[in-house]
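Data block for query21.txt (compact mmCIF, C-alpha atoms):
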# COMPACT_ATOMS: atom_id res chain seq x y z
CA MET A 30 -142.80 -58.51 149.86
CA ALA A 31 -139.22 -57.31 149.42
CA LYS A 32 -137.47 -58.10 146.17
CA LYS A 33 -134.93 -60.88 146.52
CA ASP A 34 -131.38 -60.23 145.42
CA ARG A 35 -130.58 -62.21 142.29
CA ILE A 36 -127.46 -64.39 142.38
CA LEU A 37 -126.10 -65.89 139.15
CA ILE A 38 -124.22 -69.14 139.64
CA VAL A 39 -121.67 -69.78 136.90
CA GLU A 40 -120.83 -73.49 136.71
CA ASN A 41 -118.64 -74.99 134.00
CA ALA A 42 -119.57 -78.67 134.56
CA ILE A 43 -120.83 -80.72 131.62
CA ASP A 44 -122.36 -83.27 134.00
CA VAL A 45 -123.45 -83.54 137.62
CA THR A 46 -120.40 -83.28 139.89
CA GLY A 47 -119.77 -82.78 143.58
CA SER A 48 -119.41 -79.04 143.02
CA VAL A 49 -122.78 -78.90 141.27
CA THR A 50 -124.38 -80.91 144.07
CA SER A 51 -122.91 -78.66 146.74
CA VAL A 52 -123.89 -75.34 145.19
CA MET A 53 -127.40 -76.65 144.51
CA ARG A 54 -127.76 -77.65 148.15
CA SER A 55 -126.57 -74.30 149.46
CA SER A 56 -128.92 -72.56 147.03
CA GLU A 57 -131.81 -74.76 148.12
CA TYR A 58 -131.13 -73.91 151.77
CA LEU A 59 -131.04 -70.16 150.97
CA LYS A 60 -133.65 -69.86 148.22
CA HIS A 61 -136.12 -68.13 150.53
CA ASP A 62 -133.68 -65.23 150.90
CA TYR A 63 -132.19 -65.02 147.38
CA HIS A 64 -133.22 -65.79 143.81
CA PHE A 65 -130.65 -68.14 142.26
CA VAL A 66 -130.08 -68.51 138.52
CA PHE A 67 -127.71 -71.09 137.03
CA ILE A 68 -125.50 -70.42 134.01
CA LEU A 69 -124.25 -73.71 132.53
CA PRO A 70 -122.35 -74.79 129.41
CA THR A 71 -124.49 -75.50 126.37
CA GLY A 72 -125.51 -79.16 126.46
CA SER A 73 -124.56 -79.72 130.10
CA LYS A 74 -126.37 -82.66 131.70
CA ALA A 75 -126.36 -80.74 134.96
CA ALA A 76 -129.20 -78.62 133.54
CA GLU A 77 -131.60 -81.53 134.00
CA VAL A 78 -130.88 -81.49 137.71
CA THR A 79 -130.96 -77.71 138.24
CA GLN A 80 -134.19 -77.35 136.28
CA SER A 81 -135.88 -80.29 138.01
CA ALA A 82 -135.00 -78.63 141.32
CA GLY A 83 -136.85 -75.51 140.14
CA PHE A 84 -133.87 -73.27 139.44
CA GLU A 85 -133.94 -70.93 136.46
CA THR A 86 -131.19 -72.11 134.11
CA HIS A 87 -129.46 -70.50 131.12
CA HIS A 88 -126.66 -71.68 128.85
CA LEU A 89 -123.49 -70.30 127.29
CA PRO A 90 -121.11 -72.17 124.93
CA MET A 91 -118.33 -72.30 127.51
CA MET A 92 -115.20 -74.34 126.93
CA GLU A 93 -112.45 -75.66 129.18
CA LEU A 94 -108.74 -75.67 128.48
CA ARG A 95 -107.59 -79.07 127.24
CA LYS A 96 -104.10 -80.48 126.86
CA ASN A 97 -103.89 -79.87 123.13
CA LEU A 98 -102.83 -77.03 120.85
CA LEU A 99 -106.27 -76.50 119.27
CA SER A 100 -107.82 -75.96 122.69
CA LEU A 101 -105.19 -73.37 123.60
CA VAL A 102 -105.69 -71.52 120.30
CA ARG A 103 -109.48 -71.45 120.59
CA TYR A 104 -109.77 -70.73 124.30
CA LEU A 105 -108.99 -66.99 124.40
CA PRO A 106 -111.30 -65.85 121.56
CA VAL A 107 -114.12 -68.03 122.87
CA LEU A 108 -113.62 -66.57 126.35
CA ILE A 109 -113.74 -62.98 125.04
CA VAL A 110 -116.88 -63.60 122.99
CA ASN A 111 -118.53 -65.34 125.93
CA ALA A 112 -117.63 -62.45 128.21
CA PHE A 113 -119.75 -60.12 126.06
CA ARG A 114 -122.56 -62.67 125.91
CA PHE A 115 -122.33 -63.06 129.65
CA SER A 116 -122.45 -59.29 130.13
CA ARG A 117 -125.73 -59.12 128.22
CA LEU A 118 -127.09 -62.01 130.27
CA VAL A 119 -126.09 -60.39 133.56
CA HIS A 120 -127.87 -57.21 132.48
CA SER A 121 -131.02 -58.91 131.18
CA LEU A 122 -131.35 -61.01 134.35
CA ASN A 123 -130.86 -57.99 136.63
CA ALA A 124 -128.14 -59.82 138.56
CA ASP A 125 -126.99 -58.41 141.89
CA LEU A 126 -124.17 -60.88 142.53
CA ILE A 127 -122.26 -63.55 140.59
CA LEU A 128 -121.05 -66.76 142.20
CA ASN A 129 -118.26 -68.36 140.19
CA ASN A 130 -118.39 -72.04 141.18
CA ASP A 131 -115.24 -72.94 139.21
CA PHE A 132 -111.90 -71.35 140.10
CA TYR A 133 -110.61 -72.13 136.60
CA ASN A 134 -113.54 -70.41 134.89
CA LEU A 135 -112.31 -66.94 133.86
CA LEU A 136 -115.66 -65.72 132.55
CA PRO A 137 -116.58 -63.57 135.61
CA PRO A 138 -113.16 -61.87 135.96
CA VAL A 139 -112.97 -61.14 132.22
CA TYR A 140 -116.49 -59.73 132.43
CA ARG A 141 -115.22 -57.41 135.18
CA LEU A 142 -112.07 -56.61 133.20
CA PHE A 143 -114.24 -55.36 130.33
CA GLY A 144 -116.18 -53.03 132.59
CA GLY A 145 -118.85 -55.24 134.20
CA ASN A 146 -120.01 -53.75 137.50
CA VAL A 147 -121.75 -56.69 139.21
CA PRO A 148 -119.46 -58.13 141.92
CA TYR A 149 -118.56 -61.79 142.06
CA LEU A 150 -117.40 -64.38 144.56
CA CYS A 151 -115.28 -67.34 143.59
CA TYR A 152 -115.29 -70.88 145.00
CA VAL A 153 -112.14 -73.00 144.96
CA ARG A 154 -113.25 -76.63 145.04
CA PHE A 155 -110.04 -78.40 144.04
CA LEU A 156 -106.48 -78.58 145.33
CA PRO A 157 -104.49 -76.05 143.27
CA ALA A 158 -101.28 -78.08 143.57
CA LYS A 159 -102.70 -80.88 141.42
CA LEU A 160 -102.90 -78.70 138.30
CA PRO A 161 -100.20 -76.98 136.15
CA GLN A 162 -98.85 -74.15 138.27
CA VAL A 163 -98.58 -71.70 135.38
CA LEU A 164 -102.37 -71.94 134.97
CA VAL A 165 -102.97 -71.71 138.72
CA ARG A 166 -100.92 -68.50 138.86
CA ILE A 167 -102.98 -67.01 136.02
CA TRP A 168 -106.26 -67.97 137.69
CA CYS A 169 -105.06 -66.61 141.03
CA TRP A 170 -104.05 -63.29 139.49
CA PHE A 171 -107.44 -62.79 137.88
CA HIS A 172 -109.50 -63.74 140.94
CA LEU A 173 -107.31 -61.87 143.43
CA ARG A 174 -107.58 -58.81 141.20
CA PHE A 175 -111.29 -58.84 140.30
CA SER A 176 -113.27 -60.91 142.83
CA SER A 177 -114.95 -59.59 145.96
CA GLY A 178 -114.00 -62.72 147.86
CA ILE A 179 -112.68 -66.26 147.48
CA ILE A 180 -114.18 -69.28 149.25
CA ALA A 181 -111.98 -72.30 149.92
CA VAL A 182 -113.87 -75.48 150.76
CA SER A 183 -111.16 -76.66 153.15
CA LYS A 184 -108.02 -75.56 154.93
CA ALA A 185 -106.09 -77.86 152.58
CA VAL A 186 -107.27 -75.68 149.67
CA LYS A 187 -106.60 -72.41 151.49
CA ASP A 188 -103.04 -73.45 152.31
CA GLN A 189 -102.30 -73.86 148.59
CA LEU A 190 -103.51 -70.36 147.65
CA PRO A 191 -101.65 -67.04 147.98
CA PRO A 192 -102.43 -64.92 151.07
CA PHE A 193 -105.55 -62.86 150.44
CA ASP A 194 -107.51 -60.77 152.94
CA ARG A 195 -110.82 -61.77 151.36
CA LEU A 196 -110.14 -65.52 151.42
CA GLN A 197 -112.08 -67.68 153.87
CA VAL A 198 -112.83 -71.35 154.44
CA ILE A 199 -116.45 -72.51 154.28
CA GLY A 200 -116.96 -76.27 154.17
CA ASN A 201 -119.64 -77.96 152.12
CA GLU A 202 -123.12 -78.19 153.58
CA LEU A 203 -124.96 -81.27 154.84
CA PRO A 204 -127.48 -83.08 152.62
CA LEU A 205 -131.00 -81.69 152.54
CA LEU A 206 -132.84 -84.90 153.38
CA PRO A 207 -132.94 -85.99 157.03
CA ALA A 208 -131.28 -89.28 157.93
CA ILE A 209 -132.09 -91.46 160.94
CA PHE A 210 -129.19 -93.37 162.43
CA ARG A 211 -129.42 -97.13 162.01
CA ILE A 212 -126.83 -99.78 162.83
CA SER A 213 -125.94 -101.75 159.73
CA ASN A 214 -125.56 -105.52 159.64
CA SER A 215 -124.76 -105.36 155.95
CA ARG A 216 -121.90 -107.14 154.22
CA LEU A 217 -121.62 -104.51 151.51
CA ILE A 218 -118.78 -102.03 150.96
CA LEU A 219 -119.67 -98.92 148.95
CA TYR A 220 -117.45 -96.95 146.56
CA PRO A 221 -119.40 -93.88 145.34
CA ALA A 222 -117.40 -91.81 142.82
CA ASN A 223 -117.58 -90.86 139.17
CA VAL A 224 -115.19 -93.08 137.24
CA ILE A 225 -112.24 -90.79 136.59
CA LYS A 226 -108.54 -91.60 136.76
CA GLY A 227 -107.22 -90.44 140.10
CA LYS A 228 -110.38 -91.34 142.03
CA GLY A 229 -108.81 -94.58 143.26
CA HIS A 230 -111.08 -97.21 141.70
CA GLU A 231 -108.16 -99.40 140.65
CA ASP A 232 -106.73 -99.25 144.17
CA ALA A 233 -110.09 -100.26 145.62
CA LEU A 234 -110.23 -103.26 143.29
CA ALA A 235 -106.67 -104.30 144.11
CA SER A 236 -107.08 -103.97 147.87
CA PHE A 237 -110.49 -105.66 147.92
CA GLU A 238 -109.22 -108.71 146.04
CA SER A 239 -107.19 -109.99 148.99
CA VAL A 240 -109.98 -109.10 151.44
CA GLY A 241 -112.71 -110.67 149.32
CA LYS A 242 -110.89 -114.00 149.24
CA LYS A 243 -110.95 -114.12 153.05
CA PHE A 244 -114.56 -112.95 153.30
CA PRO A 245 -116.49 -114.40 150.34
CA ASP A 246 -119.83 -113.26 151.76
CA TRP A 247 -118.78 -109.58 151.44
CA LYS A 248 -119.24 -107.49 148.29
CA ILE A 249 -118.05 -104.14 146.98
CA ARG A 250 -120.36 -101.86 145.00
CA PHE A 251 -119.04 -99.13 142.70
CA ILE A 252 -121.46 -96.34 141.81
CA GLY A 253 -120.54 -93.61 139.35
CA GLY A 254 -120.79 -92.37 135.80
CA ASP A 255 -118.30 -91.45 133.10
CA MET A 256 -119.56 -87.84 132.81
CA GLY A 257 -120.12 -88.36 129.09
CA LEU A 258 -116.39 -88.42 128.34
CA GLU A 259 -114.93 -91.14 126.14
CA LYS A 260 -111.73 -91.44 128.16
CA ASN A 261 -113.75 -92.05 131.33
CA ALA A 262 -115.98 -94.59 129.57
CA ASP A 263 -112.87 -96.45 128.35
CA PHE A 264 -111.40 -96.36 131.86
CA LYS A 265 -114.60 -97.77 133.37
CA SER A 266 -114.72 -100.54 130.76
CA ALA A 267 -111.12 -101.46 131.56
CA LEU A 268 -111.89 -101.58 135.28
CA MET A 269 -114.93 -103.78 134.71
CA ARG A 270 -112.89 -106.17 132.56
CA LYS A 271 -110.24 -106.30 135.25
CA SER A 272 -112.81 -107.10 137.93
CA GLN A 273 -114.35 -109.82 135.75
CA GLY A 274 -110.95 -111.44 135.41
CA SER A 275 -110.24 -111.38 139.14
CA SER A 276 -110.79 -114.09 141.73
CA VAL A 277 -113.53 -111.98 143.38
CA ARG A 278 -115.51 -111.22 140.22
CA ASP A 279 -118.78 -112.41 141.77
CA GLN A 280 -118.29 -110.02 144.69
CA VAL A 281 -117.96 -106.82 142.60
CA GLU A 282 -120.96 -104.76 141.50
CA TRP A 283 -121.00 -101.87 139.03
CA HIS A 284 -123.84 -99.33 139.13
CA ASP A 285 -124.38 -96.22 137.01
CA PHE A 286 -124.47 -92.67 138.36
CA THR A 287 -127.44 -91.66 140.50
CA THR A 288 -128.38 -88.36 142.10
CA ASP A 289 -129.81 -90.19 145.12
CA LEU A 290 -127.20 -92.23 146.95
CA SER A 291 -129.13 -92.45 150.22
CA PRO A 292 -130.44 -96.03 149.64
CA HIS A 293 -126.90 -97.18 148.92
CA PHE A 294 -125.46 -95.53 152.03
CA GLU A 295 -128.19 -97.12 154.12
CA ALA A 296 -127.54 -100.53 152.50
CA CYS A 297 -123.79 -100.64 153.15
CA ALA A 298 -121.59 -101.29 156.20
CA PHE A 299 -118.88 -98.77 155.38
CA VAL A 300 -117.58 -96.62 152.53
CA LEU A 301 -114.29 -96.24 150.67
CA ASN A 302 -112.66 -93.18 149.13
CA PHE A 303 -109.17 -93.85 147.77
CA SER A 304 -108.81 -90.68 145.71
CA GLU A 305 -105.34 -89.33 145.01
CA SER A 306 -106.46 -85.73 145.61
CA GLU A 307 -109.53 -84.32 147.39
CA SER A 308 -110.16 -80.65 148.10
CA PHE A 309 -113.03 -81.52 150.45
CA SER A 310 -114.84 -84.86 149.87
CA MET A 311 -118.57 -84.96 149.48
CA THR A 312 -118.27 -88.74 149.67
CA CYS A 313 -116.89 -88.60 153.21
CA LEU A 314 -119.41 -85.99 154.32
CA GLU A 315 -122.44 -87.81 152.93
CA SER A 316 -121.33 -91.24 154.12
CA MET A 317 -120.86 -90.00 157.66
CA TYR A 318 -124.14 -88.09 157.50
CA TYR A 319 -125.86 -91.46 157.06
CA GLY A 320 -123.81 -92.97 159.87
CA ARG A 321 -121.38 -94.91 157.72
CA PRO A 322 -117.67 -94.73 158.59
CA VAL A 323 -115.22 -94.13 155.76
CA ILE A 324 -111.83 -95.54 154.92
CA ALA A 325 -110.22 -92.67 153.00
CA THR A 326 -106.83 -91.61 151.75
CA LYS A 327 -104.82 -88.79 153.27
CA SER A 328 -105.43 -86.79 150.12
CA GLY A 329 -106.35 -83.34 151.43
CA GLY A 330 -109.93 -82.74 152.48
CA PRO A 331 -110.64 -86.13 154.13
CA GLN A 332 -108.21 -85.36 156.96
CA GLU A 333 -110.42 -82.41 157.92
CA ILE A 334 -113.55 -84.59 158.04
CA ILE A 335 -112.33 -87.91 159.45
CA GLU A 336 -110.78 -88.43 162.86
CA HIS A 337 -108.56 -91.46 162.44
CA ASN A 338 -109.87 -94.54 164.31
CA VAL A 339 -112.67 -92.43 165.80
CA ASN A 340 -115.20 -92.02 162.99
CA GLY A 341 -113.25 -93.63 160.16
CA ILE A 342 -109.80 -94.72 159.07
CA LEU A 343 -107.18 -92.76 157.11
CA VAL A 344 -104.65 -94.53 154.88
CA GLY A 345 -101.86 -93.40 152.59
CA VAL A 346 -102.48 -92.64 148.94
CA LYS A 347 -101.78 -95.76 146.83
CA ASP A 348 -101.06 -97.81 149.97
CA ILE A 349 -102.82 -101.00 148.91
CA GLU A 350 -101.69 -102.97 151.97
CA ALA A 351 -103.04 -100.32 154.36
CA MET A 352 -106.31 -100.21 152.42
CA SER A 353 -106.72 -103.99 152.66
CA ASN A 354 -105.85 -103.99 156.37
CA ALA A 355 -108.36 -101.23 157.09
CA MET A 356 -111.13 -103.09 155.25
CA GLU A 357 -110.30 -106.29 157.10
CA PHE A 358 -110.40 -104.43 160.42
CA MET A 359 -113.84 -103.01 159.63
CA ILE A 360 -115.14 -106.45 158.66
CA ARG A 361 -113.69 -108.35 161.62
CA HIS A 362 -114.54 -105.80 164.33
CA GLN A 363 -118.25 -105.10 164.11
CA GLN A 364 -118.47 -103.46 167.53
CA GLU A 365 -115.72 -100.96 166.73
CA ARG A 366 -117.33 -100.32 163.35
CA GLU A 367 -120.66 -99.54 165.03
CA ILE A 368 -118.96 -97.11 167.43
CA MET A 369 -117.32 -95.37 164.45
CA SER A 370 -120.73 -95.24 162.75
CA GLN A 371 -122.31 -93.44 165.69
CA ASN A 372 -119.35 -91.09 166.00
CA ALA A 373 -119.50 -90.28 162.27
CA TYR A 374 -123.23 -89.55 162.39
CA HIS A 375 -122.89 -87.04 165.24
CA TYR A 376 -119.54 -85.54 164.25
CA VAL A 377 -120.52 -84.19 160.84
CA ARG A 378 -123.72 -82.68 162.22
CA ALA A 379 -121.67 -80.66 164.66
CA LYS A 380 -118.73 -79.68 162.45
CA PHE A 381 -120.78 -78.93 159.32
CA SER A 382 -123.86 -77.47 160.99
CA ALA A 383 -125.76 -74.64 159.33
CA GLU A 384 -123.95 -72.18 161.61
CA ASN A 385 -120.60 -73.33 160.22
CA THR A 386 -121.59 -73.52 156.56
CA ILE A 387 -124.83 -72.07 155.18
CA GLU A 388 -125.05 -69.15 157.59
CA LYS A 389 -121.44 -68.15 156.91
CA LEU A 390 -122.18 -68.22 153.20
CA ALA A 391 -125.26 -66.03 153.66
CA VAL A 392 -123.24 -63.52 155.70
CA LEU A 393 -120.70 -63.35 152.89
CA TYR A 394 -123.42 -62.89 150.25
CA ASP A 395 -124.96 -60.05 152.25
CA ARG A 396 -121.64 -58.32 152.83
CA VAL A 397 -120.78 -58.27 149.13
CA LEU A 398 -124.33 -57.34 148.11
CA LYS A 399 -124.36 -54.34 150.45
CA LYS A 400 -121.00 -53.13 149.13
CA GLY A 401 -122.15 -53.71 145.53
CA HIS A 402 -125.29 -51.57 145.77

Can I see the file as structure tokens?
Amino acid sequence: MAKKDRILIVENAIDVTGSVTSVMRSSEYLKHDYHFVFILPTGSKAAEVTQSAGFETHHLPMMELRKNLLSLVRYLPVLIVNAFRFSRLVHSLNADLILNNDFYNLLPPVYRLFGGNVPYLCYVRFLPAKLPQVLVRIWCWFHLRFSSGIIAVSKAVKDQLPPFDRLQVIGNELPLLPAIFRISNSRLILYPANVIKGKGHEDALASFESVGKKFPDWKIRFIGGDMGLEKNADFKSALMRKSQGSSVRDQVEWHDFTTDLSPHFEACAFVLNFSESESFSMTCLESMYYGRPVIATKSGGPQEIIEHNVNGILVGVKDIEAMSNAMEFMIRHQQEREIMSQNAYHYVRAKFSAENTIEKLAVLYDRVLKKGH
């Protein structure tokens, strides 16, 4: 049996995120052809998920830049020390390729800067325009200089990056578990997103309040965690207090994070995503995979997944009135909602088929691996 090429996935997440979920799925699809190893920050909760899925997992004391002076002072020396630690890890694990799953993680390019010879690919899973441009320019310089290729998860992401001959768009892959299409007679609206400012939870609450008064038999369910960050926990607590003080308090549910959203997708009528910025949108992809139309903001990635009034509805960012109107339309027009459900179910299977996602990724892996040997 031929030896599998070993691919190290460098992921900076301290908890399970959409980027972690996506790279785990692609690795699961391709694990018969490659041996994947995850490198995570020390103490990351994502390790529980990667290890339970059977992936070899190692840790480094990575740190992210924060908006404070101490973080800026500590970041560079920690990065340099980690680059040498990473170099030893790459050597001891006999890595053939590195996949940098975080555009803002400079560990792989600094490893290359200091003489590392294992090539790396870099994913860009956020919209560059949403972050400080001085940092984006630094990250771009490093990855354009040292990477063997950059993967944008959407055209919206690609359009915000400098021209680069080794830049290509590969959308996120479909969920691993099969899903059978079923018409929903539910009176539940689902909002699946970790509770972070900018994800639109407050807009969902505000827009649902007017809708909930008209349709008291309908409920909205929020599902998401705080990622172990105090600021997110405080934000979630504030949202829950606000919902308890509203006129629709008995129609609002709060659930903690779960790695298996399938029962919730199957239990709902439609899904909301009112994020202010989305590079792709795993929420839209997964909802439609289970045959649930989405009302989403025109925030980047959703426009490349949803066809307006065909398999979902697109609304403006922060447009509370449009959000309320879209929810009311979905509730009042069951037949149109069911048509959107069917369209959503079939559309994502065609657009994000293995040929358009996983197989393109495998071709890219093989191209870089052949050049690296």

| note | Nearest to A:Ile199, restricted to only C-alpha atoms and choosing among A:Asp34, A:Gln332, A:Tyr140, A:Phe309, comes out as A:Phe309

Take the point (-124.9, -75.5, 141.1) in the file's coordinates, draw a sphere of radius 8 Å around it, and report as a compact mmCIF listing (two decimals) with C-alpha atoms, in the frame of the given file every protein, DNA or RNA residue with an atom inside or on it, counting only C-alpha atoms.
# COMPACT_ATOMS: atom_id res chain seq x y z
CA ILE A 38 -124.22 -69.14 139.64
CA VAL A 39 -121.67 -69.78 136.90
CA GLU A 40 -120.83 -73.49 136.71
CA SER A 48 -119.41 -79.04 143.02
CA VAL A 49 -122.78 -78.90 141.27
CA THR A 50 -124.38 -80.91 144.07
CA SER A 51 -122.91 -78.66 146.74
CA VAL A 52 -123.89 -75.34 145.19
CA MET A 53 -127.40 -76.65 144.51
CA ARG A 54 -127.76 -77.65 148.15
CA SER A 56 -128.92 -72.56 147.03
CA PHE A 67 -127.71 -71.09 137.03
CA THR A 79 -130.96 -77.71 138.24
CA ASN A 130 -118.39 -72.04 141.18

| From the list A:Ala158, A:Val147, A:Ile349, A:Met356, which residue is nearest A:Asp188 when using all atoms listed in the file? | A:Ala158

Listed atoms of stretch 107-117 of chain A boxed along x, y and z, 3 Å each side, centre and edge lengths in Å, one decimal, as JSON:
{"center_x": -119.7, "center_y": -63.6, "center_z": 126.5, "size_x": 18.1, "size_y": 14.9, "size_z": 13.3}

| said: Which residues are close to A:Phe210, i.e. within 8 Å by all atoms listed in the file, leaving aside same-chain residues fewer than 5 positions away? Reply as a list in words. | reply: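 With the cut-off at 8 Å, the set is Tyr319, Gly320, Gln371 and Tyr374 of chain A.
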
Just to be explicit: take each residue in the selection above, keep C-alpha atoms, and write the result as a PDB file, in the coordinates of the input.
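Result written to again-v3.pdb:
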ATOM      1  CA  TYR A 319    -125.860 -91.460 157.060  1.00  0.00           C
ATOM      2  CA  GLY A 320    -123.810 -92.970 159.870  1.00  0.00           C
ATOM      3  CA  GLN A 371    -122.310 -93.440 165.690  1.00  0.00           C
ATOM      4  CA  TYR A 374    -123.230 -89.550 162.390  1.00  0.00           C
TER       5      TYR A 374
END

| query | What does the distance from atom CA of A:Lys327 to atom CA of A:Ile342 come to in Å, to one decimal? | reply | 9.7 Å

| said: I want to know what sits within 12 Å of A:Leu203, based on only C-alpha atoms, with residues of the same chain fewer than 3 positions away left out; could you give that as a ChimeraX atom specification? | reply: /A:50-55,57-58,200,206-208,310-319,374,376-387

| request: Can you work out the spacing between atom CA of A:Asn111 and atom CA of A:Leu126 in Å, to one decimal? | output: 18.1 Å

| Skipping near chain neighbours, those fewer than 4 positions away, what residues fall within 8 Å of A:Val240 using only C-alpha atoms, listed as a VMD selection string? | chain A and resid 236 244 353 356 to 357

Give me a file of those residues, with C-alpha atoms, as a PDB file, in the frame of the given file.
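Contents of the output file part.pdb:
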ATOM      1  CA  SER A 236    -107.080-103.970 147.870  1.00  0.00           C
ATOM      2  CA  PHE A 244    -114.560-112.950 153.300  1.00  0.00           C
ATOM      3  CA  SER A 353    -106.720-103.990 152.660  1.00  0.00           C
ATOM      4  CA  MET A 356    -111.130-103.090 155.250  1.00  0.00           C
ATOM      5  CA  GLU A 357    -110.300-106.290 157.100  1.00  0.00           C
TER       6      GLU A 357
END

| At what distance in Å, to one decimal, does atom CA of A:Asp44 lie from atom CA of A:Ser73? |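 Between these atoms lies a distance of 5.7 Å.
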
| message | Taking 6 positions as the minimum chain separation for residues in the same chain, which residues sit within 9 Å of stretch 160-172 of chain A when counting all atoms listed in the file? Answer as a PyMOL selection string. | response | chain A and resi 132-135+137-139+150-151+178-179+190-191

Write a file of the selected residues as a PDB file, in the coordinates of the input, keeping C-alpha atoms.
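Output contents, as saved in again.pdb:
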ATOM      1  CA  PHE A 132    -111.900 -71.350 140.100  1.00  0.00           C
ATOM      2  CA  TYR A 133    -110.610 -72.130 136.600  1.00  0.00           C
ATOM      3  CA  ASN A 134    -113.540 -70.410 134.890  1.00  0.00           C
ATOM      4  CA  LEU A 135    -112.310 -66.940 133.860  1.00  0.00           C
ATOM      5  CA  PRO A 137    -116.580 -63.570 135.610  1.00  0.00           C
ATOM      6  CA  PRO A 138    -113.160 -61.870 135.960  1.00  0.00           C
ATOM      7  CA  VAL A 139    -112.970 -61.140 132.220  1.00  0.00           C
ATOM      8  CA  LEU A 150    -117.400 -64.380 144.560  1.00  0.00           C
ATOM      9  CA  CYS A 151    -115.280 -67.340 143.590  1.00  0.00           C
ATOM     10  CA  GLY A 178    -114.000 -62.720 147.860  1.00  0.00           C
ATOM     11  CA  ILE A 179    -112.680 -66.260 147.480  1.00  0.00           C
ATOM     12  CA  LEU A 190    -103.510 -70.360 147.650  1.00  0.00           C
ATOM     13  CA  PRO A 191    -101.650 -67.040 147.980  1.00  0.00           C
TER      14      PRO A 191
END

| Among listed residues A:Gln197, A:Thr86, A:Ser177, A:Thr46, nearest A:Lys399 (using all atoms listed in the file) |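 Of A:Gln197, A:Thr86, A:Ser177, A:Thr46, the one nearest A:Lys399, counting all atoms listed in the file, is A:Ser177.
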
| Proximity to A:Ile43 - best of A:Asp255, A:Asp285, A:Asp194, A:Glu202, all atoms listed in the file |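 So, comparing all the options, the nearest one is A:Asp255.
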
| said: I want to know what sits within 7 Å of A:Val153, based on all atoms listed in the file, with residues of the same chain fewer than 5 positions away left out; could you give that as number ranges by chain? | reply: A: 131-132, 180-182

| said: Using all atoms listed in the file for the distances, tell me which of A:Val198, A:Ile109, A:Leu173, A:Ile68 is nearest to A:Ala185. | reply: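 Using all atoms listed in the file, the shortest distance to A:Ala185 belongs to A:Val198.
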
| said: Nearest residue to A:Ala31 out of A:Arg270, A:Lys389, A:His64, A:Arg396, using all atoms listed in the file? | reply: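 Answer, going by the shortest atom-to-atom distance: A:His64.
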